[in-house]
file target11.csv (CSV, C-alpha atoms and all ligand atoms)
chain,number,residue,atom,x,y,z
A,1,MET,CA,21.3,-12.6,-19.3
A,2,GLN,CA,19.2,-11.3,-16.5
A,3,ARG,CA,20.6,-8.6,-14.3
A,4,PRO,CA,22.0,-10.2,-11.2
A,5,ILE,CA,20.3,-7.8,-8.7
A,6,LYS,CA,17.8,-9.5,-6.3
A,7,ALA,CA,16.1,-8.7,-3.0
A,8,TYR,CA,16.2,-11.9,-1.0
A,9,ILE,CA,13.2,-12.1,1.4
A,10,ASP,CA,13.9,-14.3,4.5
A,11,LEU,CA,10.4,-15.5,5.6
A,12,PRO,CA,11.6,-17.3,8.8
A,13,ALA,CA,13.1,-13.9,9.8
A,14,LEU,CA,9.7,-12.4,9.5
A,15,THR,CA,8.2,-15.1,11.7
A,16,HIS,CA,11.0,-14.6,14.2
A,17,ASN,CA,10.4,-10.8,14.3
A,18,LEU,CA,6.7,-11.5,14.9
A,19,LEU,CA,7.7,-13.6,17.9
A,20,ILE,CA,10.0,-10.8,19.2
A,21,THR,CA,7.1,-8.4,18.9
A,22,ARG,CA,4.9,-10.8,20.9
A,23,HIS,CA,7.6,-10.8,23.5
A,24,TYR,CA,7.5,-7.0,23.7
A,25,ALA,CA,3.7,-6.8,23.8
A,26,PRO,CA,2.6,-10.1,25.3
A,27,ASN,CA,-0.9,-8.9,26.3
A,28,ALA,CA,-1.8,-7.1,23.2
A,29,LYS,CA,-3.1,-8.4,19.8
A,30,ILE,CA,-0.8,-7.7,17.0
A,31,MET,CA,-2.0,-5.9,13.9
A,32,ALA,CA,0.9,-6.5,11.4
A,33,ILE,CA,1.3,-3.4,9.2
A,34,ILE,CA,1.9,-4.5,5.6
A,35,LYS,CA,1.2,-1.2,3.7
A,36,ALA,CA,3.3,-0.2,0.8
A,37,ASN,CA,3.6,-3.8,-0.5
A,38,ALA,CA,4.7,-4.9,3.0
A,39,TYR,CA,7.3,-2.2,3.2
A,40,GLY,CA,8.7,-3.4,-0.2
A,41,HIS,CA,8.9,-7.1,0.8
A,42,GLY,CA,5.9,-8.3,-1.3
A,43,LEU,CA,2.4,-8.7,0.0
A,44,LEU,CA,1.2,-12.2,0.0
A,45,HIS,CA,4.2,-14.2,1.1
A,46,THR,CA,4.8,-11.6,3.8
A,47,ALA,CA,1.3,-11.9,5.1
A,48,HIS,CA,1.6,-15.7,5.0
A,49,ALA,CA,4.8,-15.6,7.0
A,50,LEU,CA,3.0,-13.3,9.5
A,51,ARG,CA,-0.2,-15.4,9.6
A,52,ASN,CA,0.1,-15.8,13.3
A,53,ALA,CA,-0.5,-12.1,13.7
A,54,ASP,CA,-4.0,-11.2,14.9
A,55,GLY,CA,-4.8,-8.8,12.1
A,56,PHE,CA,-3.3,-6.9,9.2
A,57,GLY,CA,-3.2,-3.1,8.6
A,58,LEU,CA,-2.6,-1.4,5.3
A,59,LEU,CA,-3.9,1.5,3.2
A,60,GLU,CA,-4.4,0.0,-0.3
A,61,LEU,CA,-7.9,-1.3,-0.9
A,62,GLU,CA,-6.8,-3.5,-3.7
A,63,ALA,CA,-4.2,-5.2,-1.6
A,64,ALA,CA,-6.7,-5.7,1.2
A,65,ILE,CA,-9.1,-7.4,-1.3
A,66,CYS,CA,-6.2,-9.5,-2.6
A,67,LEU,CA,-5.5,-10.7,1.0
A,68,ARG,CA,-9.2,-11.8,1.4
A,69,GLU,CA,-9.2,-13.5,-2.0
A,70,ALA,CA,-6.0,-15.4,-1.0
A,71,GLY,CA,-7.9,-16.8,1.9
A,72,PHE,CA,-6.8,-14.7,4.9
A,73,ARG,CA,-9.5,-14.5,7.5
A,74,HIS,CA,-7.9,-12.1,9.9
A,75,PRO,CA,-9.3,-8.6,10.6
A,76,ILE,CA,-7.9,-6.4,7.9
A,77,LEU,CA,-7.8,-2.7,8.7
A,78,LEU,CA,-7.7,0.1,6.1
A,79,LEU,CA,-5.5,2.7,7.8
A,80,GLU,CA,-6.9,5.7,5.9
A,81,GLY,CA,-10.4,4.3,5.6
A,82,PHE,CA,-12.6,4.6,2.5
A,83,PHE,CA,-12.8,7.4,0.0
A,84,SER,CA,-16.2,6.8,-1.6
A,85,THR,CA,-19.6,5.1,-1.1
A,86,ARG,CA,-18.5,2.6,-3.7
A,87,GLU,CA,-15.5,1.7,-1.5
A,88,LEU,CA,-17.7,1.5,1.5
A,89,ALA,CA,-19.7,-1.2,-0.2
A,90,LEU,CA,-16.5,-3.1,-0.8
A,91,LEU,CA,-15.7,-3.0,2.9
A,92,GLU,CA,-18.9,-4.9,3.6
A,93,LYS,CA,-18.4,-7.3,0.8
A,94,TYR,CA,-14.9,-8.2,1.8
A,95,ARG,CA,-15.4,-7.7,5.6
A,96,LEU,CA,-12.7,-5.1,5.8
A,97,SER,CA,-12.3,-2.9,8.9
A,98,THR,CA,-11.9,0.8,8.4
A,99,VAL,CA,-10.4,3.8,10.0
A,100,ILE,CA,-12.8,6.8,10.2
A,101,HIS,CA,-10.9,10.0,10.5
A,102,HIS,CA,-12.9,12.8,9.0
A,103,ASP,CA,-16.4,14.2,8.5
A,104,GLU,CA,-16.9,13.1,4.9
A,105,GLN,CA,-16.5,9.5,6.0
A,106,LEU,CA,-18.9,10.0,8.8
A,107,ALA,CA,-21.4,11.5,6.4
A,108,MET,CA,-21.1,8.5,4.0
A,109,LEU,CA,-21.7,6.2,7.0
A,110,THR,CA,-24.8,8.0,8.1
A,111,GLY,CA,-27.8,6.6,6.3
A,112,CYS,CA,-25.8,3.8,4.5
A,113,ASN,CA,-27.6,0.5,4.6
A,114,HIS,CA,-24.5,-1.7,5.3
A,115,ARG,CA,-24.2,-4.0,8.2
A,116,GLU,CA,-21.6,-5.1,10.7
A,117,LEU,CA,-19.0,-2.5,10.0
A,118,ASP,CA,-15.9,-2.7,12.2
A,119,ILE,CA,-14.8,0.9,12.8
A,120,PHE,CA,-11.5,2.3,14.1
A,121,LEU,CA,-12.2,5.8,15.2
A,122,LYS,CA,-9.0,7.9,14.8
A,123,ILE,CA,-8.5,10.7,17.2
A,124,ASN,CA,-6.0,13.4,16.7
A,125,THR,CA,-4.1,13.7,20.0
A,126,GLY,CA,-1.4,16.0,18.7
A,127,MET,CA,0.3,14.5,15.6
A,128,ASN,CA,-2.0,16.7,13.5
A,129,ARG,CA,-2.1,14.5,10.5
A,130,LEU,CA,-5.3,12.4,10.6
A,131,GLY,CA,-8.1,12.2,13.1
A,132,PHE,CA,-10.9,14.1,14.7
A,133,ALA,CA,-10.2,16.9,17.2
A,134,SER,CA,-10.3,15.4,20.7
A,135,GLU,CA,-13.1,17.8,21.8
A,136,ARG,CA,-15.4,16.2,19.2
A,137,PHE,CA,-15.0,12.7,20.6
A,138,PRO,CA,-18.2,12.5,22.8
A,139,SER,CA,-20.5,13.7,20.0
A,140,ILE,CA,-18.9,11.4,17.4
A,141,ILE,CA,-19.0,8.4,19.6
A,142,LYS,CA,-22.7,9.1,20.2
A,143,GLN,CA,-23.4,9.4,16.5
A,144,LEU,CA,-21.5,6.2,15.7
A,145,SER,CA,-22.9,4.1,18.5
A,146,GLY,CA,-26.4,5.0,17.3
A,147,ASN,CA,-25.6,3.9,13.8
A,148,PRO,CA,-27.0,0.4,13.1
A,149,ALA,CA,-24.4,-0.2,10.4
A,150,VAL,CA,-21.6,-0.1,13.0
A,151,SER,CA,-21.0,-3.3,15.0
A,152,GLN,CA,-17.7,-2.5,16.7
A,153,ILE,CA,-15.7,0.6,17.5
A,154,THR,CA,-12.0,0.6,18.4
A,155,LEU,CA,-10.4,3.9,19.4
A,156,MET,CA,-7.2,4.8,17.7
A,157,THR,CA,-4.5,7.4,17.7
A,158,HIS,CA,-0.9,7.7,16.4
A,159,PHE,CA,2.2,9.1,18.0
A,160,ALA,CA,4.4,11.7,16.4
A,161,THR,CA,7.5,11.1,18.5
A,162,ALA,CA,7.5,7.6,19.9
A,163,ASP,CA,10.8,7.1,18.1
A,164,GLY,CA,12.4,10.2,19.6
A,165,THR,CA,15.6,9.6,21.5
A,166,THR,CA,15.5,11.7,24.7
A,167,ASP,CA,12.5,13.9,25.1
A,168,ASN,CA,9.3,12.1,26.0
A,169,THR,CA,7.1,15.2,26.5
A,170,GLN,CA,5.1,15.0,23.3
A,171,PHE,CA,4.5,11.3,23.7
A,172,HIS,CA,3.2,11.7,27.2
A,173,LYS,CA,1.1,14.7,26.1
A,174,GLN,CA,-0.6,12.7,23.4
A,175,LEU,CA,-1.1,9.7,25.7
A,176,GLN,CA,-2.7,12.0,28.3
A,177,VAL,CA,-5.1,13.6,25.8
A,178,PHE,CA,-6.1,10.1,24.6
A,179,ASP,CA,-6.7,8.8,28.1
A,180,GLN,CA,-8.6,11.9,29.2
A,181,ILE,CA,-11.1,11.8,26.4
A,182,THR,CA,-11.6,8.1,26.2
A,183,GLY,CA,-11.2,7.3,29.9
A,184,LEU,CA,-14.9,6.6,30.5
A,185,THR,CA,-15.5,4.3,27.6
A,186,ALA,CA,-14.8,0.6,27.7
A,187,MET,CA,-14.0,0.4,24.0
A,188,PRO,CA,-10.8,-1.4,22.7
A,189,CYS,CA,-7.9,0.9,21.9
A,190,THR,CA,-4.9,0.9,19.5
A,191,LEU,CA,-2.1,3.4,19.9
A,192,ALA,CA,1.4,1.9,19.4
A,193,ASN,CA,3.6,1.7,16.2
A,194,SER,CA,6.9,-0.2,16.4
A,195,ALA,CA,8.7,2.4,18.4
A,196,ALA,CA,5.9,2.6,21.1
A,197,THR,CA,5.6,-1.2,21.1
A,198,ILE,CA,9.3,-1.4,22.0
A,199,ARG,CA,9.5,1.6,24.3
A,200,TYR,CA,6.2,2.3,25.9
A,201,PRO,CA,4.3,-0.7,27.4
A,202,GLU,CA,1.7,1.7,28.8
A,203,ALA,CA,0.7,2.3,25.2
A,204,HIS,CA,0.2,-1.3,24.2
A,205,ARG,CA,-3.5,-1.5,25.1
A,206,ASP,CA,-5.7,-3.9,23.0
A,207,TRP,CA,-3.9,-3.8,19.7
A,208,VAL,CA,-0.3,-2.8,18.8
A,209,ARG,CA,0.4,-1.8,15.2
A,210,PRO,CA,4.0,-2.7,14.4
A,211,GLY,CA,5.4,-2.2,10.9
A,212,LEU,CA,9.1,-1.6,10.6
A,213,MET,CA,10.2,-3.9,13.4
A,214,LEU,CA,8.6,-6.9,11.7
A,215,TYR,CA,10.9,-6.3,8.8
A,216,GLY,CA,13.9,-6.4,11.2
A,217,ALA,CA,14.9,-2.8,11.3
A,218,SER,CA,15.0,-0.4,14.2
A,219,PRO,CA,12.5,2.5,14.5
A,220,PHE,CA,15.1,4.4,16.6
A,221,ALA,CA,17.8,6.2,14.6
A,222,ALA,CA,20.4,5.4,17.3
A,223,HIS,CA,19.8,1.7,17.1
A,224,ARG,CA,19.9,-1.3,14.8
A,225,GLY,CA,17.3,-4.1,14.6
A,226,GLU,CA,19.8,-6.5,16.2
A,227,ASP,CA,19.8,-4.4,19.4
A,228,PHE,CA,16.2,-5.7,19.8
A,229,LYS,CA,17.0,-9.2,18.6
A,230,LEU,CA,15.3,-8.5,15.3
A,231,LYS,CA,16.6,-10.2,12.1
A,232,PRO,CA,16.8,-8.4,8.8
A,233,VAL,CA,14.2,-9.7,6.3
A,234,MET,CA,15.3,-8.1,3.1
A,235,SER,CA,18.8,-8.5,1.7
A,236,LEU,CA,19.5,-6.5,-1.5
A,237,THR,CA,22.3,-8.3,-3.4
A,238,SER,CA,23.9,-8.1,-6.8
A,239,LYS,CA,27.2,-8.9,-8.5
A,240,ILE,CA,30.4,-7.3,-9.7
A,241,ILE,CA,29.9,-7.0,-13.5
A,242,ALA,CA,33.1,-5.2,-14.4
A,243,ILE,CA,36.5,-4.4,-12.9
A,244,GLN,CA,38.6,-1.3,-13.6
A,245,HIS,CA,42.3,-0.7,-12.8
A,246,LEU,CA,42.9,3.0,-12.1
A,247,LYS,CA,46.0,5.1,-12.0
A,248,GLN,CA,46.5,7.9,-9.6
A,249,GLY,CA,44.4,10.9,-10.6
A,250,ASP,CA,41.7,9.0,-12.5
A,251,ILE,CA,38.1,9.8,-11.8
A,252,VAL,CA,35.1,7.4,-11.1
A,253,GLY,CA,31.6,7.9,-12.5
A,254,TYR,CA,29.4,10.9,-13.3
A,255,GLY,CA,30.7,14.3,-12.3
A,256,GLY,CA,34.1,13.0,-11.6
A,257,ASN,CA,33.9,14.1,-8.0
A,258,PHE,CA,35.9,11.1,-6.9
A,259,GLN,CA,39.5,11.1,-8.0
A,260,THR,CA,42.0,8.5,-7.0
A,261,ASP,CA,45.1,9.6,-4.9
A,262,ARG,CA,46.8,6.3,-5.7
A,263,PRO,CA,46.4,3.3,-8.1
A,264,MET,CA,43.2,1.6,-7.3
A,265,ARG,CA,41.2,-1.4,-8.3
A,266,ILE,CA,37.4,-0.9,-8.4
A,267,GLY,CA,34.4,-3.1,-9.1
A,268,ILE,CA,31.3,-2.0,-10.9
A,269,VAL,CA,28.1,-3.4,-9.3
A,270,ALA,CA,24.8,-3.9,-11.1
A,271,CYS,CA,22.8,-1.8,-8.8
A,272,GLY,CA,21.8,1.9,-9.1
A,273,TYR,CA,19.2,4.3,-7.9
A,274,ALA,CA,16.7,2.8,-10.3
A,275,ASP,CA,17.1,-0.3,-8.2
A,276,GLY,CA,16.2,1.6,-5.0
A,277,TYR,CA,19.8,2.3,-3.9
A,278,PRO,CA,19.9,5.8,-2.5
A,279,ARG,CA,21.6,8.2,-5.0
A,280,HIS,CA,22.7,10.4,-2.0
A,281,ALA,CA,24.8,7.7,-0.5
A,282,PRO,CA,28.3,9.2,-0.4
A,283,THR,CA,31.7,7.7,-1.0
A,284,GLY,CA,32.6,5.6,2.0
A,285,THR,CA,29.1,4.1,2.4
A,286,PRO,CA,29.6,0.5,3.5
A,287,VAL,CA,29.1,-2.4,1.1
A,288,LEU,CA,29.8,-6.1,1.5
A,289,VAL,CA,31.7,-8.0,-1.2
A,290,ASN,CA,31.7,-11.7,-0.7
A,291,ASP,CA,31.0,-10.9,3.0
A,292,LEU,CA,34.1,-8.6,3.2
A,293,ARG,CA,33.5,-5.0,4.0
A,294,SER,CA,34.2,-2.5,1.3
A,295,ARG,CA,33.0,1.0,0.5
A,296,LEU,CA,31.1,2.8,-2.2
A,297,ILE,CA,33.1,5.1,-4.4
A,298,GLY,CA,31.9,8.1,-6.5
A,299,LYS,CA,28.3,8.9,-7.5
A,300,VAL,CA,25.6,6.2,-7.7
A,301,SER,CA,24.3,6.1,-11.2
A,302,MET,CA,20.9,4.8,-12.4
A,303,ASP,CA,21.9,1.2,-12.9
A,304,MET,CA,25.4,0.9,-11.4
A,305,LEU,CA,27.7,1.9,-8.6
A,306,ALA,CA,31.4,1.4,-7.9
A,307,VAL,CA,33.1,-0.2,-5.0
A,308,ASP,CA,36.7,-0.2,-3.8
A,309,LEU,CA,38.5,-3.5,-4.3
A,310,THR,CA,42.0,-2.2,-3.8
A,311,GLU,CA,42.4,-4.2,-0.6
A,312,LEU,CA,40.3,-7.2,-1.8
A,313,PRO,CA,42.5,-8.9,-4.4
A,314,ASN,CA,40.5,-12.1,-4.4
A,315,ILE,CA,37.3,-10.4,-5.5
A,316,SER,CA,36.5,-10.9,-9.2
A,317,ILE,CA,33.7,-10.6,-11.7
A,318,ASN,CA,30.6,-12.3,-10.4
A,319,SER,CA,31.5,-11.9,-6.8
A,320,THR,CA,28.4,-11.3,-4.7
A,321,VAL,CA,27.7,-7.8,-3.3
A,322,THR,CA,25.3,-7.1,-0.5
A,323,LEU,CA,24.0,-3.6,-0.6
A,324,TRP,CA,22.0,-4.0,2.7
A,325,GLY,CA,20.5,-6.8,4.7
A,326,ASN,CA,22.2,-9.9,6.2
A,327,GLY,CA,25.6,-8.7,7.6
A,328,LEU,CA,25.0,-5.1,6.7
A,329,PRO,CA,22.1,-3.4,8.5
A,330,VAL,CA,19.9,-1.3,6.3
A,331,GLU,CA,20.0,1.3,9.1
A,332,ASP,CA,23.7,1.9,8.3
A,333,ILE,CA,23.0,2.7,4.7
A,334,ALA,CA,20.1,4.9,5.6
A,335,ARG,CA,22.2,6.8,8.0
A,336,ALA,CA,25.0,7.3,5.4
A,337,ALA,CA,22.5,8.5,2.9
A,338,ASP,CA,20.7,10.8,5.3
A,339,THR,CA,17.4,9.0,5.2
A,340,ILE,CA,15.6,6.3,7.2
A,341,SER,CA,15.4,2.6,6.7
A,342,TYR,CA,11.6,2.8,6.0
A,343,GLU,CA,12.3,4.8,2.9
A,344,LEU,CA,15.0,2.4,1.5
A,345,LEU,CA,12.8,-0.7,2.1
A,346,CYS,CA,9.6,0.8,0.7
A,347,ALA,CA,11.3,2.3,-2.4
A,348,LEU,CA,12.3,-1.1,-3.7
A,349,PRO,CA,11.2,-0.9,-7.4
A,350,THR,CA,9.4,-3.6,-9.3
A,351,ARG,CA,12.4,-4.2,-11.6
A,352,VAL,CA,14.2,-5.8,-8.6
A,353,GLU,CA,13.1,-9.4,-8.5
A,354,LEU,CA,12.2,-10.8,-5.1
A,355,GLU,CA,13.8,-14.1,-4.2
A,356,ILE,CA,11.6,-15.6,-1.6
A,357,SER,CA,13.1,-18.1,0.9
A,358,GLN,CA,11.2,-21.3,1.5
A,359,GLU,CA,9.5,-21.7,4.8
A,360,GLU,CA,10.3,-24.9,6.6
A,361,SER,CA,7.1,-26.5,5.4
A,362,GLN,CA,6.0,-25.2,2.1
A,363,SER,CA,2.3,-24.5,1.7
A,364,SER,CA,0.3,-23.7,-1.4
A,365,ALA,CA,-0.1,-20.1,-0.2
A,366,THR,CA,3.6,-19.6,-0.3
A,367,ARG,CA,3.9,-20.9,-3.8
A,368,ILE,CA,1.2,-18.6,-5.1
A,369,CYS,CA,2.9,-15.7,-3.4
A,370,VAL,CA,6.3,-16.3,-5.0
A,371,GLU,CA,4.9,-15.2,-8.3
A,372,SER,CA,3.2,-12.0,-7.1
A,373,LYS,CA,5.0,-8.9,-6.3
B,401,LIG,C1,2.6,2.7,9.1
B,401,LIG,C2,1.8,2.8,10.3
B,401,LIG,C3,2.1,2.0,11.5
B,401,LIG,C4,3.4,1.2,11.6
B,401,LIG,O1,4.5,2.1,11.9
B,401,LIG,P1,6.0,1.5,12.1
B,401,LIG,O2,6.7,2.7,12.6
B,401,LIG,O3,6.4,1.0,10.8
B,401,LIG,O4,5.8,0.5,13.2
B,401,LIG,C5,1.3,2.0,12.5
B,401,LIG,N1,0.1,2.7,12.5
B,401,LIG,C6,-0.3,3.5,11.4
B,401,LIG,C7,-1.5,4.2,11.5
B,401,LIG,C8,0.6,3.5,10.3
B,401,LIG,O5,0.2,4.3,9.3

call {"tool": "encode", "arguments": {"input": "target11.csv", "output": "structure tokens"}}
result
Amino acid sequence: MQRPIKAYIDLPALTHNLLITRHYAPNAKIMAIIKANAYGHGLLHTAHALRNADGFGLLELEAAICLREAGFRHPILLLEGFFSTRELALLEKYRLSTVIHHDEQLAMLTGCNHRELDIFLKINTGMNRLGFASERFPSIIKQLSGNPAVSQITLMTHFATADGTTDNTQFHKQLQVFDQITGLTAMPCTLANSAATIRYPEAHRDWVRPGLMLYGASPFAAHRGEDFKLKPVMSLTSKIIAIQHLKQGDIVGYGGNFQTDRPMRIGIVACGYADGYPRHAPTGTPVLVNDLRSRLIGKVSMDMLAVDLTELPNISINSTVTLWGNGLPVEDIARAADTISYELLCALPTRVELEISQEESQSSATRICVESK
């Protein structure tokens, strides 16, 4: 028998979240970020559900090519750009847009005989991860504008603290640096991730680049997706595969660091850290069993975890368990495990099968995508 763990992917929720994003940024084009296998949700069916976005952004060249080959005609941006002249040739072949963020990429562009490259010039305004130093902006723009291979330039930066809770200083500093150096150009701009899309309309500009919010989770630690009318897209579910009746003083799981202080009934769930559930989730982390709230007990092992059924007498073997998703925000699990929802979603391993909801009208693209993960 197949293990009962599944990640259910709610495609209408994706489409709904895209509409919410439009509501936040009505005047910007939306570049839906689908890196890391669409944040763990699976590439092609996700892209298809988000086909009303104006473009897609991701890092993985193969995934970008896969989108083209599946028939997507949107602008597709490689967020780290290309790493070799061989890849540069593939950009032209598949009409992929590219970030340019360091000198080696500039050197590969100079003297290349490609045509019609769509460039996103990344400027480091203070995050200090990728991008050219702001002082170099005028000379690089001059160089790129004079390059016959380049047909379009969009200016880009990324914020370090748009998801911060109280202090806006760093955000405003970065925005100011960006506006100061680019102020005299009429080129299109893209600045905002999910957090800035929700929180800073002044950063919307020509393109917003939402990722996490499309998957229904909140980029702000103090909030949940539902606070912004977002719907969770992924629900990680499994089943109770064993039940144990414990006496007072019994232990549960590896290390024995959970010991009962009274007789208890516990359920063993087919889901462990090899299924993407965080090993650091402590006793007490919320779990839904047949839509009733329960709690994790003891250490999470590789393939299993234990839940408290003492107060849930009607739960039996095969009862459905929701680890996160519908009815149990992934943000709550992330908080309990001292991580962020991004990490939980992206870390979904391939051994967890995706169960893709049907869209209202099924298209061939959806069907193809169901098999790919
Ligand atoms: C991942 C990424 C995004 C999306 O970030 P979210 O916080 O998920 O909205 C936007 N821009 C760039 C450059 C990224 O790498």

call {"tool": "closest_atom_pairs", "arguments": {"input": "target11.csv", "of": "chain A", "to": "ligand LIG 401 (chain B)", "cutoff": "7 Å", "atoms": "only C-alpha atoms and all ligand atoms", "output": "CSV"}}
result
residue,atom,partner,partner_atom,distance
A:Ile33,CA,B:LIG401,C4,5.6
A:Lys35,CA,B:LIG401,C1,6.8
A:Leu79,CA,B:LIG401,C7,5.7
A:His158,CA,B:LIG401,C7,6.1
A:Ala192,CA,B:LIG401,C5,6.9
A:Asn193,CA,B:LIG401,O4,3.9
A:Ser194,CA,B:LIG401,O4,3.5
A:Ala195,CA,B:LIG401,O2,6.1
A:Arg209,CA,B:LIG401,C5,4.7
A:Pro210,CA,B:LIG401,O4,3.9
A:Gly211,CA,B:LIG401,O3,3.4
A:Leu212,CA,B:LIG401,O3,3.8
A:Met213,CA,B:LIG401,O4,6.2
A:Pro219,CA,B:LIG401,O2,6.1

call {"tool": "closest_residue", "arguments": {"input": "target11.csv", "among": "A:Gly267, A:Gly57, A:Pro349, A:Gly284", "to": "Glu80 in chain A", "atoms": "all atoms listed in the file"}}
result
A:Gly57

call {"tool": "atom_distance", "arguments": {"input": "target11.csv", "atom1": "CA of Ala242 in chain A", "atom2": "CA of Thr310 in chain A"}}
result
14.2 Å

call {"tool": "closest_residue", "arguments": {"input": "target11.csv", "among": "A:Leu109, A:Ile268, A:Met127, A:Leu312", "to": "Pro148 in chain A", "atoms": "all atoms listed in the file"}}
result
A:Leu109

call {"tool": "residues_near_point", "arguments": {"input": "target11.csv", "point": "(0.6, -5.8, 23.6)", "cutoff": "9 Å", "atoms": "only C-alpha atoms", "output": "number ranges by chain"}}
result
A: 21-30, 192, 197, 201, 203-208

call {"tool": "residues_around", "arguments": {"input": "target11.csv", "residues": "Tyr254 in chain A", "least_positions_apart": "3", "cutoff": "8 Å", "atoms": "all atoms listed in the file", "output": "short mmCIF file (atom, residue, chain, number, x, y, z; two decimals) with C-alpha atoms, keeping the file's coordinate frame"}}
result
data_model
loop_
_atom_site.label_atom_id
_atom_site.label_comp_id
_atom_site.auth_asym_id
_atom_site.auth_seq_id
_atom_site.Cartn_x
_atom_site.Cartn_y
_atom_site.Cartn_z
CA ASN A 257 33.90 14.10 -8.00
CA GLY A 298 31.90 8.10 -6.50
CA LYS A 299 28.30 8.90 -7.50
CA SER A 301 24.30 6.10 -11.20
#

call {"tool": "closest_residue", "arguments": {"input": "target11.csv", "among": "A:Gln176, A:Ser218, A:Gln105, A:Thr285", "to": "Thr85 in chain A", "atoms": "only C-alpha atoms"}}
result
A:Gln105

call {"tool": "residues_around", "arguments": {"input": "target11.csv", "residues": "Gly40 in chain A", "least_positions_apart": "4", "cutoff": "6 Å", "atoms": "only C-alpha atoms", "output": "list in words"}}
result
Leu345, Cys346 and Leu348 of chain A
